[in-house]
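This is my_file.tsv (TSV, C-alpha atoms and all ligand atoms).
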chain	number	residue	atom	x	y	z
A	1	MET	CA	16.62	8.45	-16.62
A	2	LEU	CA	13.46	10.49	-17.00
A	3	ILE	CA	10.18	8.98	-15.75
A	4	LYS	CA	6.97	10.84	-16.53
A	5	VAL	CA	4.27	10.27	-13.91
A	6	ILE	CA	0.89	11.17	-15.42
A	7	ASN	CA	-1.94	11.98	-13.04
A	8	PRO	CA	-4.84	11.47	-15.48
A	9	ASN	CA	-7.12	13.91	-13.67
A	10	THR	CA	-6.70	17.67	-13.99
A	11	THR	CA	-6.25	18.52	-10.28
A	12	ALA	CA	-2.79	20.11	-9.93
A	13	SER	CA	-2.62	19.78	-6.12
A	14	MET	CA	-3.08	16.02	-6.46
A	15	THR	CA	-0.38	15.93	-9.16
A	16	ALA	CA	2.03	17.70	-6.79
A	17	LYS	CA	1.36	15.13	-4.05
A	18	ILE	CA	1.79	12.23	-6.51
A	19	GLY	CA	5.08	13.75	-7.74
A	20	GLU	CA	6.40	14.02	-4.16
A	21	CYS	CA	5.56	10.38	-3.43
A	22	ALA	CA	7.22	9.22	-6.68
A	23	ARG	CA	10.36	11.31	-6.02
A	24	ALA	CA	10.58	9.99	-2.46
A	25	VAL	CA	11.32	6.48	-3.78
A	26	ALA	CA	13.09	7.16	-7.10
A	27	GLY	CA	16.82	6.45	-7.26
A	28	PRO	CA	19.46	9.20	-7.44
A	29	GLY	CA	19.84	8.92	-11.21
A	30	THR	CA	16.10	9.19	-11.86
A	31	LEU	CA	14.30	12.42	-12.67
A	32	VAL	CA	10.53	12.31	-12.06
A	33	GLU	CA	8.33	14.67	-14.04
A	34	ALA	CA	4.79	14.72	-12.60
A	35	VAL	CA	2.12	16.15	-14.87
A	36	ASN	CA	-1.62	16.24	-15.43
A	37	PRO	CA	-3.49	16.90	-18.66
A	38	THR	CA	-5.15	20.27	-19.17
A	39	MET	CA	-8.29	18.61	-20.56
A	40	GLY	CA	-10.42	16.02	-18.81
A	41	PRO	CA	-12.17	15.37	-15.49
A	42	ALA	CA	-11.05	16.92	-12.17
A	43	SER	CA	-11.20	13.45	-10.63
A	44	ILE	CA	-11.82	9.95	-11.92
A	45	GLU	CA	-14.50	7.96	-10.15
A	46	SER	CA	-16.84	6.74	-12.91
A	47	HIS	CA	-16.55	4.95	-16.24
A	48	VAL	CA	-17.33	8.23	-18.04
A	49	ASP	CA	-14.58	10.06	-16.11
A	50	GLU	CA	-12.22	7.26	-16.99
A	51	ALA	CA	-13.07	7.23	-20.72
A	52	LEU	CA	-12.75	11.01	-20.99
A	53	SER	CA	-9.38	11.02	-19.20
A	54	VAL	CA	-7.76	8.97	-21.97
A	55	PRO	CA	-7.25	11.73	-24.62
A	56	GLY	CA	-5.42	13.83	-22.02
A	57	ILE	CA	-3.20	10.87	-21.12
A	58	LEU	CA	-2.35	10.29	-24.79
A	59	GLU	CA	-1.57	13.98	-25.24
A	60	GLN	CA	0.89	13.75	-22.32
A	61	ILE	CA	2.48	10.61	-23.79
A	62	ALA	CA	2.95	12.39	-27.14
A	63	LEU	CA	4.63	15.32	-25.35
A	64	GLY	CA	6.79	12.86	-23.41
A	65	GLU	CA	7.87	11.08	-26.58
A	66	SER	CA	9.03	14.39	-28.06
A	67	LYS	CA	11.19	14.94	-24.91
A	68	GLY	CA	12.75	11.46	-24.88
A	69	VAL	CA	10.99	10.21	-21.73
A	70	ASP	CA	12.30	6.76	-20.73
A	71	GLY	CA	9.12	5.40	-19.12
A	72	TYR	CA	5.69	6.34	-17.82
A	73	VAL	CA	3.47	5.81	-14.80
A	74	ILE	CA	-0.31	6.14	-15.19
A	75	ALA	CA	-1.24	7.35	-11.70
A	76	CYS	CA	-4.93	6.55	-11.36
A	77	PHE	CA	-6.17	3.32	-9.79
A	78	GLY	CA	-8.55	2.59	-12.70
A	79	ASP	CA	-5.42	2.28	-14.89
A	80	PRO	CA	-7.18	4.25	-17.67
A	81	GLY	CA	-5.90	3.99	-21.24
A	82	MET	CA	-3.12	1.52	-20.40
A	83	ASP	CA	-3.15	-0.41	-23.67
A	84	ALA	CA	-3.38	2.79	-25.74
A	85	ALA	CA	-0.52	4.32	-23.73
A	86	ARG	CA	1.61	1.22	-24.40
A	87	GLU	CA	0.97	1.56	-28.14
A	88	ALA	CA	1.84	5.24	-28.10
A	89	ALA	CA	4.97	5.15	-25.89
A	90	THR	CA	8.40	3.80	-26.76
A	91	GLY	CA	9.39	3.04	-23.17
A	92	PRO	CA	7.57	0.94	-20.55
A	93	VAL	CA	4.21	2.12	-19.16
A	94	VAL	CA	2.98	0.88	-15.76
A	95	GLY	CA	-0.35	1.59	-14.10
A	96	ILE	CA	-0.66	2.02	-10.34
A	97	ALA	CA	-3.28	-0.70	-9.85
A	98	GLU	CA	-1.21	-3.13	-11.89
A	99	ALA	CA	1.95	-2.22	-9.94
A	100	ALA	CA	0.34	-2.28	-6.50
A	101	MET	CA	-1.39	-5.64	-7.05
A	102	HIS	CA	1.83	-7.23	-8.31
A	103	ALA	CA	3.83	-5.79	-5.40
A	104	ALA	CA	1.22	-6.99	-2.88
A	105	SER	CA	1.36	-10.48	-4.38
A	106	PHE	CA	5.00	-10.69	-3.17
A	107	LEU	CA	4.00	-9.90	0.42
A	108	GLY	CA	1.69	-12.74	1.33
A	109	ARG	CA	-1.05	-15.00	0.05
A	110	GLY	CA	-3.83	-12.45	-0.25
A	111	PHE	CA	-4.44	-8.70	-0.30
A	112	SER	CA	-7.40	-6.38	0.12
A	113	VAL	CA	-7.96	-3.20	-1.89
A	114	VAL	CA	-9.30	-0.12	-0.07
A	115	THR	CA	-10.57	2.47	-2.51
A	116	THR	CA	-12.66	5.66	-2.66
A	117	LEU	CA	-16.29	5.24	-3.71
A	118	GLY	CA	-18.24	1.99	-3.83
A	119	ARG	CA	-19.00	2.60	-7.50
A	120	THR	CA	-15.28	2.14	-8.35
A	121	THR	CA	-15.03	-1.33	-6.80
A	122	GLY	CA	-16.27	-3.09	-9.96
A	123	ARG	CA	-13.39	-1.64	-11.94
A	124	ALA	CA	-10.90	-2.77	-9.26
A	125	TRP	CA	-12.28	-6.33	-9.41
A	126	ASP	CA	-12.09	-6.25	-13.22
A	127	LEU	CA	-8.46	-5.13	-13.05
A	128	ALA	CA	-7.58	-7.86	-10.54
A	129	SER	CA	-8.98	-10.40	-12.99
A	130	HIS	CA	-7.31	-8.73	-16.00
A	131	TYR	CA	-3.91	-8.88	-14.24
A	132	GLY	CA	-4.32	-12.52	-13.19
A	133	MET	CA	-4.73	-11.50	-9.54
A	134	SER	CA	-8.18	-12.98	-8.86
A	135	GLY	CA	-6.63	-15.62	-6.64
A	136	ARG	CA	-4.78	-12.98	-4.61
A	137	CYS	CA	-7.37	-10.21	-4.33
A	138	ARG	CA	-9.57	-11.19	-1.40
A	139	GLY	CA	-11.75	-8.10	-1.22
A	140	VAL	CA	-12.31	-4.61	-2.59
A	141	HIS	CA	-13.63	-2.13	-0.01
A	142	ALA	CA	-14.78	1.47	-0.32
A	143	CYS	CA	-14.27	4.20	2.28
A	144	GLU	CA	-16.90	6.35	0.49
A	145	ILE	CA	-14.68	9.43	0.39
A	146	PRO	CA	-14.74	11.08	-3.08
A	147	VAL	CA	-11.28	11.55	-4.63
A	148	LEU	CA	-11.04	15.32	-4.18
A	149	GLU	CA	-12.25	15.13	-0.58
A	150	LEU	CA	-9.18	13.06	0.28
A	151	GLU	CA	-7.40	16.43	0.32
A	152	THR	CA	-9.99	18.36	2.34
A	153	ASP	CA	-11.74	15.94	4.70
A	154	PRO	CA	-9.97	16.24	8.08
A	155	ASP	CA	-11.12	12.73	8.99
A	156	ALA	CA	-9.91	11.09	5.77
A	157	ARG	CA	-6.79	9.50	7.24
A	158	THR	CA	-8.69	7.99	10.20
A	159	ILE	CA	-11.55	6.72	8.03
A	160	ILE	CA	-9.19	5.10	5.52
A	161	THR	CA	-7.02	3.61	8.27
A	162	GLU	CA	-10.05	2.00	9.91
A	163	ALA	CA	-11.31	0.77	6.51
A	164	CYS	CA	-7.90	-0.86	5.92
A	165	ARG	CA	-7.88	-2.49	9.36
A	166	GLU	CA	-11.41	-3.83	8.88
A	167	ALA	CA	-10.73	-4.99	5.29
A	168	ALA	CA	-7.69	-7.02	6.40
A	169	ARG	CA	-9.62	-8.53	9.32
A	170	HIS	CA	-12.68	-9.37	7.20
A	171	ASP	CA	-10.72	-10.82	4.29
A	172	GLY	CA	-7.90	-12.41	6.33
A	173	SER	CA	-5.44	-10.55	4.10
A	174	ASP	CA	-1.70	-10.20	4.56
A	175	ALA	CA	-1.43	-6.80	2.86
A	176	ILE	CA	-3.47	-3.77	1.82
A	177	VAL	CA	-3.46	-2.07	-1.57
A	178	LEU	CA	-4.48	1.59	-1.53
A	179	GLY	CA	-7.03	2.14	-4.31
A	180	CYS	CA	-6.39	5.77	-5.23
A	181	ALA	CA	-3.35	7.87	-6.14
A	182	GLY	CA	-4.69	10.52	-3.79
A	183	MET	CA	-4.00	8.17	-0.86
A	184	ALA	CA	-0.28	7.83	-1.68
A	185	ASP	CA	0.91	10.10	1.14
A	186	LEU	CA	-1.03	8.07	3.75
A	187	CYS	CA	0.72	4.78	3.02
A	188	ASP	CA	3.41	4.79	5.73
A	189	HIS	CA	1.05	6.17	8.42
A	190	ILE	CA	-1.56	3.51	7.74
A	191	SER	CA	1.01	0.74	7.66
A	192	SER	CA	2.41	1.67	11.08
A	193	ASP	CA	-1.10	2.15	12.52
A	194	ILE	CA	-2.44	-1.24	11.42
A	195	GLY	CA	0.80	-3.23	11.53
A	196	LEU	CA	0.46	-4.66	8.02
A	197	PRO	CA	2.22	-3.96	4.73
A	198	VAL	CA	0.35	-1.25	2.80
A	199	VAL	CA	1.16	-0.75	-0.87
A	200	ASP	CA	0.92	2.60	-2.63
A	201	GLY	CA	0.76	2.10	-6.39
A	202	VAL	CA	2.48	5.40	-7.17
A	203	ALA	CA	5.67	4.30	-5.40
A	204	ALA	CA	5.38	0.73	-6.74
A	205	ALA	CA	4.79	1.81	-10.36
A	206	THR	CA	7.60	4.38	-10.27
A	207	LEU	CA	10.05	1.74	-9.05
A	208	PHE	CA	8.81	-0.89	-11.52
A	209	VAL	CA	9.32	1.58	-14.39
A	210	GLN	CA	12.76	2.48	-13.03
A	211	SER	CA	13.66	-1.23	-12.84
A	212	LEU	CA	12.40	-1.99	-16.35
A	213	VAL	CA	14.33	0.93	-17.82
A	214	THR	CA	17.46	-0.07	-15.86
A	215	MET	CA	17.13	-3.60	-17.29
A	216	GLY	CA	16.72	-2.17	-20.81
A	217	LEU	CA	13.18	-3.57	-21.05
A	218	ARG	CA	10.31	-1.91	-22.88
A	219	THR	CA	6.91	-2.76	-24.38
A	220	GLY	CA	7.16	-5.33	-27.20
A	221	LYS	CA	6.37	-3.51	-30.42
A	222	SER	CA	6.19	-6.35	-32.95
A	223	GLY	CA	2.42	-6.89	-32.81
A	224	GLU	CA	-0.52	-5.62	-30.81
A	225	PHE	CA	1.43	-2.78	-29.17
A	226	ALA	CA	3.09	-1.43	-32.34
A	227	ALA	CA	2.55	2.30	-32.92
A	228	PRO	CA	-0.99	2.89	-34.23
A	229	LEU	CA	-1.50	3.14	-37.99
A	230	PRO	CA	-1.48	6.71	-39.33
A	231	LYS	CA	-4.99	8.04	-39.86
A	232	ARG	CA	-7.23	11.08	-39.78
A	233	TYR	CA	-9.17	11.94	-36.63
A	234	SER	CA	-12.04	14.45	-36.73
A	235	GLY	CA	-13.78	16.99	-34.53
A	236	LEU	CA	-12.41	17.54	-31.03
A	237	LEU	CA	-9.91	14.73	-31.63
A	238	ALA	CA	-8.49	16.12	-34.89
A	239	GLY	CA	-5.15	16.84	-33.16
A	240	PHE	CA	-4.66	13.12	-32.49
A	241	GLY	CA	-4.54	12.24	-36.21
A	242	THR	CA	-1.36	11.48	-38.08
A	243	PRO	CA	-0.98	12.38	-41.75
A	244	ALA	CA	-1.30	9.23	-43.90
A	245	SER	CA	1.72	8.69	-46.17
A	246	PRO	CA	1.02	9.42	-49.84
A	247	PRO	CA	0.47	6.24	-51.90
A	248	ALA	CA	3.68	4.92	-53.42
A	249	SER	CA	3.92	6.00	-57.06
A	250	GLY	CA	4.87	3.82	-60.03
A	301	LIG	C1	-8.74	7.49	-8.65
A	301	LIG	C2	-7.36	7.84	-8.72
A	301	LIG	O1	-6.41	7.13	-8.39
A	301	LIG	N1	-7.32	9.09	-9.24
A	301	LIG	C3	-8.59	9.50	-9.47
A	301	LIG	O2	-8.90	10.62	-9.93
A	301	LIG	N2	-9.44	8.48	-9.11
A	301	LIG	N3	-9.15	6.26	-8.18
A	301	LIG	C4	-10.32	5.99	-7.52
A	301	LIG	N4	-10.56	4.72	-7.17
A	301	LIG	O3	-11.11	6.88	-7.23
Is it possible to express this structure as structure tokens?
Ligand code: 2AL
Amino acid sequence: MLIKVINPNTTASMTAKIGECARAVAGPGTLVEAVNPTMGPASIESHVDEALSVPGILEQIALGESKGVDGYVIACFGDPGMDAAREAATGPVVGIAEAAMHAASFLGRGFSVVTTLGRTTGRAWDLASHYGMSGRCRGVHACEIPVLELETDPDARTIITEACREAARHDGSDAIVLGCAGMADLCDHISSDIGLPVVDGVAAATLFVQSLVTMGLRTGKSGEFAAPLPKRYSGLLAGFGTPASPPASG
């Protein structure tokens, strides 16, 4: 099967890391294609970044559909454009926040999220509520490292590890959810350092998509998530339009 892992930001080095982490868990019959859009923000850490990442995601879904992709991972912890992606794709689409929170809910009574900047914590709380995880999510904590500095800050691993340890202690949590795709490669190190289960959403979402495809399950298309109606789009978004069918004659 072919799983397309979409890093919704345009930073290729982060896409490469995400691809490695997805491939490390995918089964032998699964091919992982990791991509990022060519348009959009270099990192996603505001509501504006998130909104402007969605056209690039939809462009990547359209390309995936033309190649027969079996399922998709949206690899940003804000889970941007999830509903739109589910309309546009034939196969299942799983976001990393959604996947990580569900996986963590199997590991104990409560989990804490450790994310990048404090300004992204509101979105993480909203997603916990949206996914029915309010009773499980005990805290959302920021390490105040911007997304792209995860790759360059030599102290990033130590700072995030200590933030995870303190989050679990403060919240009395059984597990940690990492709140950024750029933290995926730290998951095993942090888990062995703090002695708690630590969930990386990239791995979790890749395996959930693989499982859904293996079970022959895909997004229900009979209502809300049916393909969008054909229509004209204008300006910068003109390429997203679909030609309307001519009115039936006679
Ligand atoms: C993210 C993420 O996963 N990718 C990105 O660009 N921003 N999440 C976050 N909380 O900063």
- Item | Cut-off 7 Å, only C-alpha atoms and all ligand atoms, neighbours of ligand LIG 301 (chain A) as a ChimeraX atom specification | /A:8-9,43-45,75-78,115-117,120,146-147,179-182
Interface rows for segment 13-109 of chain A against segment 211-224 of chain A: nearest pair, Å to one decimal, 12 Å, only C-alpha atoms, as JSON lines:
{"residue": "A:Ala26", "atom": "CA", "partner": "A:Ser211", "partner_atom": "CA", "distance": 10.2}
{"residue": "A:Gly27", "atom": "CA", "partner": "A:Ser211", "partner_atom": "CA", "distance": 10.0}
{"residue": "A:Gly29", "atom": "CA", "partner": "A:Thr214", "partner_atom": "CA", "distance": 10.4}
{"residue": "A:Thr30", "atom": "CA", "partner": "A:Thr214", "partner_atom": "CA", "distance": 10.2}
{"residue": "A:Val69", "atom": "CA", "partner": "A:Val213", "partner_atom": "CA", "distance": 10.6}
{"residue": "A:Asp70", "atom": "CA", "partner": "A:Val213", "partner_atom": "CA", "distance": 6.8}
{"residue": "A:Gly71", "atom": "CA", "partner": "A:Val213", "partner_atom": "CA", "distance": 7.0}
{"residue": "A:Tyr72", "atom": "CA", "partner": "A:Val213", "partner_atom": "CA", "distance": 10.2}
{"residue": "A:Val73", "atom": "CA", "partner": "A:Leu212", "partner_atom": "CA", "distance": 12.0}
{"residue": "A:Met82", "atom": "CA", "partner": "A:Thr219", "partner_atom": "CA", "distance": 11.6}
{"residue": "A:Asp83", "atom": "CA", "partner": "A:Glu224", "partner_atom": "CA", "distance": 9.2}
{"residue": "A:Ala84", "atom": "CA", "partner": "A:Glu224", "partner_atom": "CA", "distance": 10.2}
{"residue": "A:Ala85", "atom": "CA", "partner": "A:Thr219", "partner_atom": "CA", "distance": 10.3}
{"residue": "A:Arg86", "atom": "CA", "partner": "A:Thr219", "partner_atom": "CA", "distance": 6.6}
{"residue": "A:Glu87", "atom": "CA", "partner": "A:Lys221", "partner_atom": "CA", "distance": 7.8}
{"residue": "A:Ala88", "atom": "CA", "partner": "A:Lys221", "partner_atom": "CA", "distance": 10.1}
{"residue": "A:Ala89", "atom": "CA", "partner": "A:Thr219", "partner_atom": "CA", "distance": 8.3}
{"residue": "A:Thr90", "atom": "CA", "partner": "A:Thr219", "partner_atom": "CA", "distance": 7.1}
{"residue": "A:Gly91", "atom": "CA", "partner": "A:Arg218", "partner_atom": "CA", "distance": 5.0}
{"residue": "A:Pro92", "atom": "CA", "partner": "A:Arg218", "partner_atom": "CA", "distance": 4.6}
{"residue": "A:Val93", "atom": "CA", "partner": "A:Thr219", "partner_atom": "CA", "distance": 7.6}
{"residue": "A:Val94", "atom": "CA", "partner": "A:Leu212", "partner_atom": "CA", "distance": 9.9}
With C-alpha atoms retained, could you export that selection as a CSV table (one decimal), in the coordinates of the input?
chain,number,residue,atom,x,y,z
A,26,ALA,CA,13.1,7.2,-7.1
A,27,GLY,CA,16.8,6.4,-7.3
A,29,GLY,CA,19.8,8.9,-11.2
A,30,THR,CA,16.1,9.2,-11.9
A,69,VAL,CA,11.0,10.2,-21.7
A,70,ASP,CA,12.3,6.8,-20.7
A,71,GLY,CA,9.1,5.4,-19.1
A,72,TYR,CA,5.7,6.3,-17.8
A,73,VAL,CA,3.5,5.8,-14.8
A,82,MET,CA,-3.1,1.5,-20.4
A,83,ASP,CA,-3.2,-0.4,-23.7
A,84,ALA,CA,-3.4,2.8,-25.7
A,85,ALA,CA,-0.5,4.3,-23.7
A,86,ARG,CA,1.6,1.2,-24.4
A,87,GLU,CA,1.0,1.6,-28.1
A,88,ALA,CA,1.8,5.2,-28.1
A,89,ALA,CA,5.0,5.2,-25.9
A,90,THR,CA,8.4,3.8,-26.8
A,91,GLY,CA,9.4,3.0,-23.2
A,92,PRO,CA,7.6,0.9,-20.6
A,93,VAL,CA,4.2,2.1,-19.2
A,94,VAL,CA,3.0,0.9,-15.8
- Fewer than 4 positions away in the same chain doesn't count, so skip those; otherwise give me all residues within 9 Å of Ala22 of chain A, counting all atoms listed in the file, as a ChimeraX atom specification. /A:5,17-18,26,32,34,202-207
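Each of A:Val114, A:Ala24, A:Ile6, A:Met14 was compared to Ile61 of chain A using only C-alpha atoms, and A:Ile6 turns out to be the nearest.
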- Rank nothing, just name the residue among A:Ile160, A:Cys143, A:Ile190, A:Ala104 nearest to Val177 of chain A, using all atoms listed in the file.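 Checking each candidate against Val177 of chain A, we get A:Ala104 as the closest.
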- By how many Å are atom CA of Thr161 of chain A and atom CA of His189 of chain A apart? 8.5 Å
- Query: Contacts of Arg232 of chain A at 7 Å or less, counting all atoms listed in the file, minus same-chain residues fewer than 5 places along, as a list of chain:residue names?
  - Reply: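 Contacts, in chain order: A:Gly241, A:Thr242, A:Pro243.
Ranking A:Ala226, A:Leu127, A:Ala238, A:Leu107 by their shortest atom-to-atom distance to Pro80 of chain A, with only C-alpha atoms included, puts A:Leu127 first.
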- Task: Report the distance between atom CA of Pro197 of chain A and atom CA of Leu150 of chain A in Å, rounded to one decimal place.
- Result: 21.0 Å
- Item | Atomic separation - atom CA of Arg169 of chain A relative to atom CA of His141 of chain A, Å | 12.0 Å
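Each of A:Leu196, A:Pro55, A:Gln210, A:Thr38 was checked against Arg23 of chain A using all atoms listed in the file; the smallest atom-to-atom distance is that of A:Gln210.
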- Query: Hey, which of A:Cys21, A:Asp174, A:Glu50, A:Pro41 ends up closest to Asp200 of chain A? Count all atoms listed in the file.
  - Reply: A:Cys21
- A:Asp155, A:Glu162, A:Asp171, A:Asp79 ranked by distance to Gly201 of chain A, top pick (using all atoms listed in the file):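 Among the listed residues, the smallest separation from Gly201 of chain A belongs to A:Asp79.
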